[in-house]
file run.cif (mmCIF, C-alpha atoms)
data_coords
#
loop_
_atom_site.group_PDB
_atom_site.id
_atom_site.type_symbol
_atom_site.label_atom_id
_atom_site.label_comp_id
_atom_site.auth_asym_id
_atom_site.auth_seq_id
_atom_site.Cartn_x
_atom_site.Cartn_y
_atom_site.Cartn_z
ATOM 1 C CA MET A 280 -28.713 72.765 -113.523
ATOM 2 C CA LYS A 281 -29.586 75.224 -110.838
ATOM 3 C CA ARG A 282 -32.925 75.724 -112.518
ATOM 4 C CA ASN A 283 -33.646 72.019 -112.373
ATOM 5 C CA TYR A 284 -32.930 71.909 -108.654
ATOM 6 C CA ALA A 285 -35.161 74.874 -108.041
ATOM 7 C CA ALA A 286 -37.962 73.330 -110.110
ATOM 8 C CA VAL A 287 -37.671 70.009 -108.279
ATOM 9 C CA ILE A 288 -37.725 71.696 -104.854
ATOM 10 C CA LEU A 289 -40.691 73.848 -105.874
ATOM 11 C CA THR A 290 -42.564 70.778 -107.118
ATOM 12 C CA LEU A 291 -41.878 68.908 -103.872
ATOM 13 C CA PHE A 292 -43.167 71.796 -101.753
ATOM 14 C CA LEU A 293 -46.316 72.047 -103.801
ATOM 15 C CA ALA A 294 -46.858 68.298 -103.764
ATOM 16 C CA ALA A 295 -46.368 68.118 -100.005
ATOM 17 C CA GLY A 296 -48.541 71.133 -99.219
ATOM 18 C CA LEU A 297 -51.382 70.475 -101.633
ATOM 19 C CA PRO A 298 -52.915 67.442 -99.807
ATOM 20 C CA CYS A 299 -52.770 69.358 -96.528
ATOM 21 C CA LEU A 300 -54.662 72.275 -98.043
ATOM 22 C CA ILE A 301 -57.228 69.959 -99.603
ATOM 23 C CA GLY A 302 -57.712 68.094 -96.275
ATOM 24 C CA GLN A 303 -58.288 71.337 -94.411
ATOM 25 C CA GLU A 304 -60.921 72.481 -96.899
ATOM 26 C CA GLN A 305 -62.720 69.112 -96.670
ATOM 27 C CA ALA A 306 -62.712 69.250 -92.854
ATOM 28 C CA LYS A 307 -64.184 72.755 -92.914
ATOM 29 C CA GLY A 308 -66.924 71.583 -95.254
ATOM 30 C CA GLN A 309 -67.800 68.646 -92.980
ATOM 31 C CA GLU A 310 -67.956 70.895 -89.887
ATOM 32 C CA GLN A 311 -70.305 73.289 -91.662
ATOM 33 C CA SER A 312 -72.611 70.473 -92.776
ATOM 34 C CA LYS A 313 -72.685 69.051 -89.222
ATOM 35 C CA SER A 314 -73.509 72.434 -87.722
ATOM 36 C CA GLN A 315 -76.321 72.888 -90.239
ATOM 37 C CA GLU A 316 -77.731 69.442 -89.367
ATOM 38 C CA GLY A 317 -77.571 70.317 -85.640
ATOM 39 C CA GLU A 318 -79.619 73.443 -86.216
ATOM 40 C CA ASN A 319 -82.407 71.446 -87.793
ATOM 41 C CA GLN A 320 -82.590 68.933 -84.924
ATOM 42 C CA PRO A 321 -84.140 69.952 -81.599
ATOM 43 C CA LYS A 322 -81.772 70.317 -78.663
ATOM 44 C CA TYR A 323 -81.967 67.757 -75.837
ATOM 45 C CA GLU A 324 -83.857 68.986 -72.827
ATOM 46 C CA PRO A 325 -84.340 66.722 -69.800
ATOM 47 C CA ASP A 326 -87.883 65.789 -68.864
ATOM 48 C CA LEU A 327 -88.348 67.380 -65.443
ATOM 49 C CA THR A 328 -91.828 65.950 -64.950
ATOM 50 C CA GLN A 329 -90.437 62.403 -64.511
ATOM 51 C CA PRO A 330 -88.431 61.682 -61.330
ATOM 52 C CA SER A 331 -84.934 60.418 -62.010
ATOM 53 C CA LEU A 332 -83.844 57.175 -60.390
ATOM 54 C CA TYR A 333 -80.504 56.980 -58.596
ATOM 55 C CA THR A 334 -78.613 53.731 -58.876
ATOM 56 C CA SER A 335 -75.514 53.008 -56.841
ATOM 57 C CA ILE A 336 -74.039 50.598 -59.380
ATOM 58 C CA ASN A 337 -70.322 51.349 -59.889
ATOM 59 C CA ARG A 338 -70.522 54.364 -57.567
ATOM 60 C CA ARG A 339 -69.014 54.867 -54.138
ATOM 61 C CA ASP A 340 -71.102 55.381 -51.020
ATOM 62 C CA PRO A 341 -71.406 59.183 -50.603
ATOM 63 C CA PHE A 342 -71.723 58.860 -46.818
ATOM 64 C CA LYS A 343 -68.627 56.704 -46.277
ATOM 65 C CA ASP A 344 -65.723 58.323 -44.447
ATOM 66 C CA LEU A 345 -63.082 59.327 -47.015
ATOM 67 C CA MET A 346 -60.283 59.336 -44.464
ATOM 68 C CA GLY A 347 -60.548 55.570 -44.040
ATOM 69 C CA GLY A 348 -61.805 55.625 -40.453
ATOM 70 C CA THR A 349 -64.608 53.518 -39.097
ATOM 71 C CA GLU A 350 -68.195 54.385 -39.760
ATOM 72 C CA THR A 351 -69.565 56.937 -37.326
ATOM 73 C CA THR A 352 -72.846 55.066 -36.976
ATOM 74 C CA GLU A 353 -71.180 51.813 -35.924
ATOM 75 C CA LYS A 354 -71.543 50.796 -32.290
ATOM 76 C CA PRO A 355 -69.468 48.112 -30.650
ATOM 77 C CA GLY A 356 -71.154 44.753 -30.954
ATOM 78 C CA PRO A 357 -71.748 42.347 -28.081
ATOM 79 C CA GLY A 358 -68.301 40.787 -28.452
ATOM 80 C CA GLN A 359 -66.313 43.963 -29.111
ATOM 81 C CA GLY A 360 -66.886 46.008 -25.931
ATOM 82 C CA LEU A 361 -65.685 49.525 -25.246
ATOM 83 C CA GLN A 362 -62.046 50.390 -25.944
ATOM 84 C CA LEU A 363 -61.675 51.902 -22.470
ATOM 85 C CA THR A 364 -59.481 50.385 -19.799
ATOM 86 C CA ILE A 365 -60.629 49.744 -16.248
ATOM 87 C CA ASP A 366 -57.812 51.888 -14.827
ATOM 88 C CA ASP A 367 -59.059 54.918 -16.807
ATOM 89 C CA LEU A 368 -62.586 54.783 -15.325
ATOM 90 C CA PHE A 369 -63.854 56.987 -12.483
ATOM 91 C CA LEU A 370 -67.053 55.992 -10.731
ATOM 92 C CA ILE A 371 -69.526 58.891 -10.672
ATOM 93 C CA ALA A 372 -72.781 57.365 -9.419
ATOM 94 C CA ILE A 373 -74.826 54.224 -9.068
ATOM 95 C CA VAL A 374 -78.457 54.391 -10.134
ATOM 96 C CA LYS A 375 -81.354 51.991 -10.069
ATOM 97 C CA GLU A 376 -83.265 51.696 -13.348
ATOM 98 C CA LYS A 377 -86.197 49.288 -13.660
ATOM 99 C CA GLY A 378 -85.029 47.372 -10.597
ATOM 100 C CA LYS A 379 -81.509 46.955 -12.017
ATOM 101 C CA LEU A 380 -78.369 48.652 -10.693
ATOM 102 C CA LEU A 381 -76.385 50.638 -13.231
ATOM 103 C CA ALA A 382 -73.175 52.589 -12.756
ATOM 104 C CA LEU A 383 -72.184 55.919 -14.311
ATOM 105 C CA VAL A 384 -68.470 56.102 -15.046
ATOM 106 C CA ASN A 385 -66.315 58.790 -16.576
ATOM 107 C CA THR A 386 -62.911 58.664 -18.282
ATOM 108 C CA GLY A 387 -61.594 61.851 -16.740
ATOM 109 C CA PRO A 388 -62.459 65.526 -16.506
ATOM 110 C CA GLN A 389 -62.776 65.903 -20.298
ATOM 111 C CA GLY A 390 -64.441 62.532 -20.997
ATOM 112 C CA PHE A 391 -68.086 61.688 -21.518
ATOM 113 C CA PRO A 392 -70.006 59.676 -18.906
ATOM 114 C CA HIS A 393 -70.925 56.097 -19.785
ATOM 115 C CA LYS A 394 -73.721 53.994 -18.333
ATOM 116 C CA ILE A 395 -72.503 50.446 -17.585
ATOM 117 C CA GLN A 396 -74.101 47.320 -16.178
ATOM 118 C CA ALA A 397 -72.917 43.910 -15.028
ATOM 119 C CA GLY A 398 -71.357 41.981 -17.908
ATOM 120 C CA ASP A 399 -70.218 44.999 -19.982
ATOM 121 C CA LYS A 400 -66.793 44.415 -21.546
ATOM 122 C CA PHE A 401 -63.807 46.744 -21.687
ATOM 123 C CA ALA A 402 -60.410 46.534 -23.362
ATOM 124 C CA ASP A 403 -58.825 44.771 -20.379
ATOM 125 C CA GLY A 404 -61.743 43.153 -18.546
ATOM 126 C CA TYR A 405 -65.443 43.330 -17.725
ATOM 127 C CA VAL A 406 -67.921 44.407 -15.029
ATOM 128 C CA LEU A 407 -68.336 41.574 -12.549
ATOM 129 C CA SER A 408 -70.976 43.085 -10.245
ATOM 130 C CA ILE A 409 -72.564 46.338 -9.109
ATOM 131 C CA SER A 410 -73.654 46.995 -5.544
ATOM 132 C CA GLU A 411 -75.246 50.119 -4.047
ATOM 133 C CA SER A 412 -71.880 51.674 -3.145
ATOM 134 C CA SER A 413 -69.268 49.999 -5.395
ATOM 135 C CA VAL A 414 -68.543 48.383 -8.743
ATOM 136 C CA THR A 415 -66.384 45.263 -9.065
ATOM 137 C CA PHE A 416 -64.412 44.792 -12.279
ATOM 138 C CA ARG A 417 -62.579 41.624 -13.301
ATOM 139 C CA LYS A 418 -59.307 42.525 -14.987
ATOM 140 C CA ILE A 419 -58.068 39.770 -17.340
ATOM 141 C CA SER A 420 -55.268 41.609 -19.162
ATOM 142 C CA ASP A 421 -52.875 44.470 -18.525
ATOM 143 C CA LYS A 422 -51.607 46.628 -21.413
ATOM 144 C CA GLY A 423 -52.589 43.959 -23.923
ATOM 145 C CA VAL A 424 -50.864 41.090 -22.091
ATOM 146 C CA ARG A 425 -53.143 38.415 -20.647
ATOM 147 C CA LEU A 426 -52.819 38.034 -16.875
ATOM 148 C CA PRO A 427 -52.065 34.502 -15.592
ATOM 149 C CA LYS A 428 -54.712 34.946 -12.863
ATOM 150 C CA PRO A 429 -57.648 37.391 -13.237
ATOM 151 C CA ARG A 430 -57.636 40.238 -10.719
ATOM 152 C CA ASP A 431 -60.689 41.913 -9.211
ATOM 153 C CA VAL A 432 -60.696 45.720 -9.033
ATOM 154 C CA VAL A 433 -63.244 47.432 -6.770
ATOM 155 C CA LYS A 434 -64.173 51.077 -7.301
ATOM 156 C CA GLU A 435 -66.238 52.709 -4.585
ATOM 157 C CA ILE A 436 -68.212 55.920 -4.379
ATOM 158 C CA SER A 437 -66.720 58.302 -1.858
ATOM 159 C CA GLN A 438 -69.335 59.571 0.624
ATOM 160 C CA GLU A 439 -69.421 63.353 0.622
ATOM 161 C CA GLU A 440 -69.954 64.908 4.015
#
call {"tool": "encode", "arguments": {"input": "run.cif", "output": "structure tokens"}}
result
Amino acid sequence: MKRNYAAVILTLFLAAGLPCLIGQEQAKGQEQSKSQEGENQPKYEPDLTQPSLYTSINRRDPFKDLMGGTETTEKPGPGQGLQLTIDDLFLIAIVKEKGKLLALVNTGPQGFPHKIQAGDKFADGYVLSISESSVTFRKISDKGVRLPKPRDVVKEISQEE
């Protein structure tokens, strides 16, 4: 009886392992035939004499800001204006360019100077007029809240002695 159990177990092991061994030998044979076919065929080499064409289909813009900010080349449009407030501006100088008065303003000691003219918009108002010694701003909002009555703010150049 013990011999029968041993024979049955041995038969099962052989039956289970035999297809695996046969499958491995067949796979090895297929790999060898594929490698021999690959040796006969020439390898792909790109044609460097022809210029390649770049298409942007299904590709992202490589120059777009990845951090999700606005484009660096964008300038505020005619309706957008600068995001500066009138209270933050310091009048530096008034210049005459092509018969037109322009004002140079700064946003503080670390800020960059900006050239403004009559009609330029800011976050809380716009430039009403420019004279030879002062700039008049019309303030229409304060800290994002619209003022019931617009207020005029005059900034003058101090005369140095």
call {"tool": "atom_distance", "arguments": {"input": "run.cif", "atom1": "CA of Val432 in chain A", "atom2": "CA of Arg417 in chain A"}}
result
6.2 Å
call {"tool": "resolve_selection", "arguments": {"input": "run.cif", "expression": "the PyMOL selection byres ((chain A and resi 395) around 7)", "output": "PyMOL selection string"}}
result
chain A and resi 381-383+393-394+396+399
call {"tool": "atom_distance", "arguments": {"input": "run.cif", "atom1": "CA of Lys434 in chain A", "atom2": "CA of Phe369 in chain A"}}
result
7.9 Å
call {"tool": "atom_distance", "arguments": {"input": "run.cif", "atom1": "CA of Ser420 in chain A", "atom2": "CA of Val374 in chain A"}}
result
28.0 Å
call {"tool": "closest_residue", "arguments": {"input": "run.cif", "among": "A:Asp403, A:Asp344, A:Asp421, A:Glu411", "to": "Ile373 in chain A", "atoms": "all atoms listed in the file"}}
result
A:Glu411
call {"tool": "closest_residue", "arguments": {"input": "run.cif", "among": "A:Pro330, A:Pro429, A:Pro341, A:Gly423", "to": "Ala402 in chain A", "atoms": "all atoms listed in the file"}}
result
A:Gly423
call {"tool": "residues_around", "arguments": {"input": "run.cif", "residues": "Phe416 in chain A", "least_positions_apart": "5", "cutoff": "6 Å", "atoms": "all atoms listed in the file", "output": "list in words"}}
result
Tyr405, Val406, Leu407, Asp431 and Val432 of chain A
call {"tool": "resolve_selection", "arguments": {"input": "run.cif", "expression": "the PyMOL selection byres ((chain A and resi 401) around 6)", "output": "list of chain:residue names"}}
result
A:Gly360, A:Leu361, A:Gln362, A:Leu363, A:Thr364, A:Lys400, A:Ala402, A:Asp403, A:Gly404, A:Tyr405
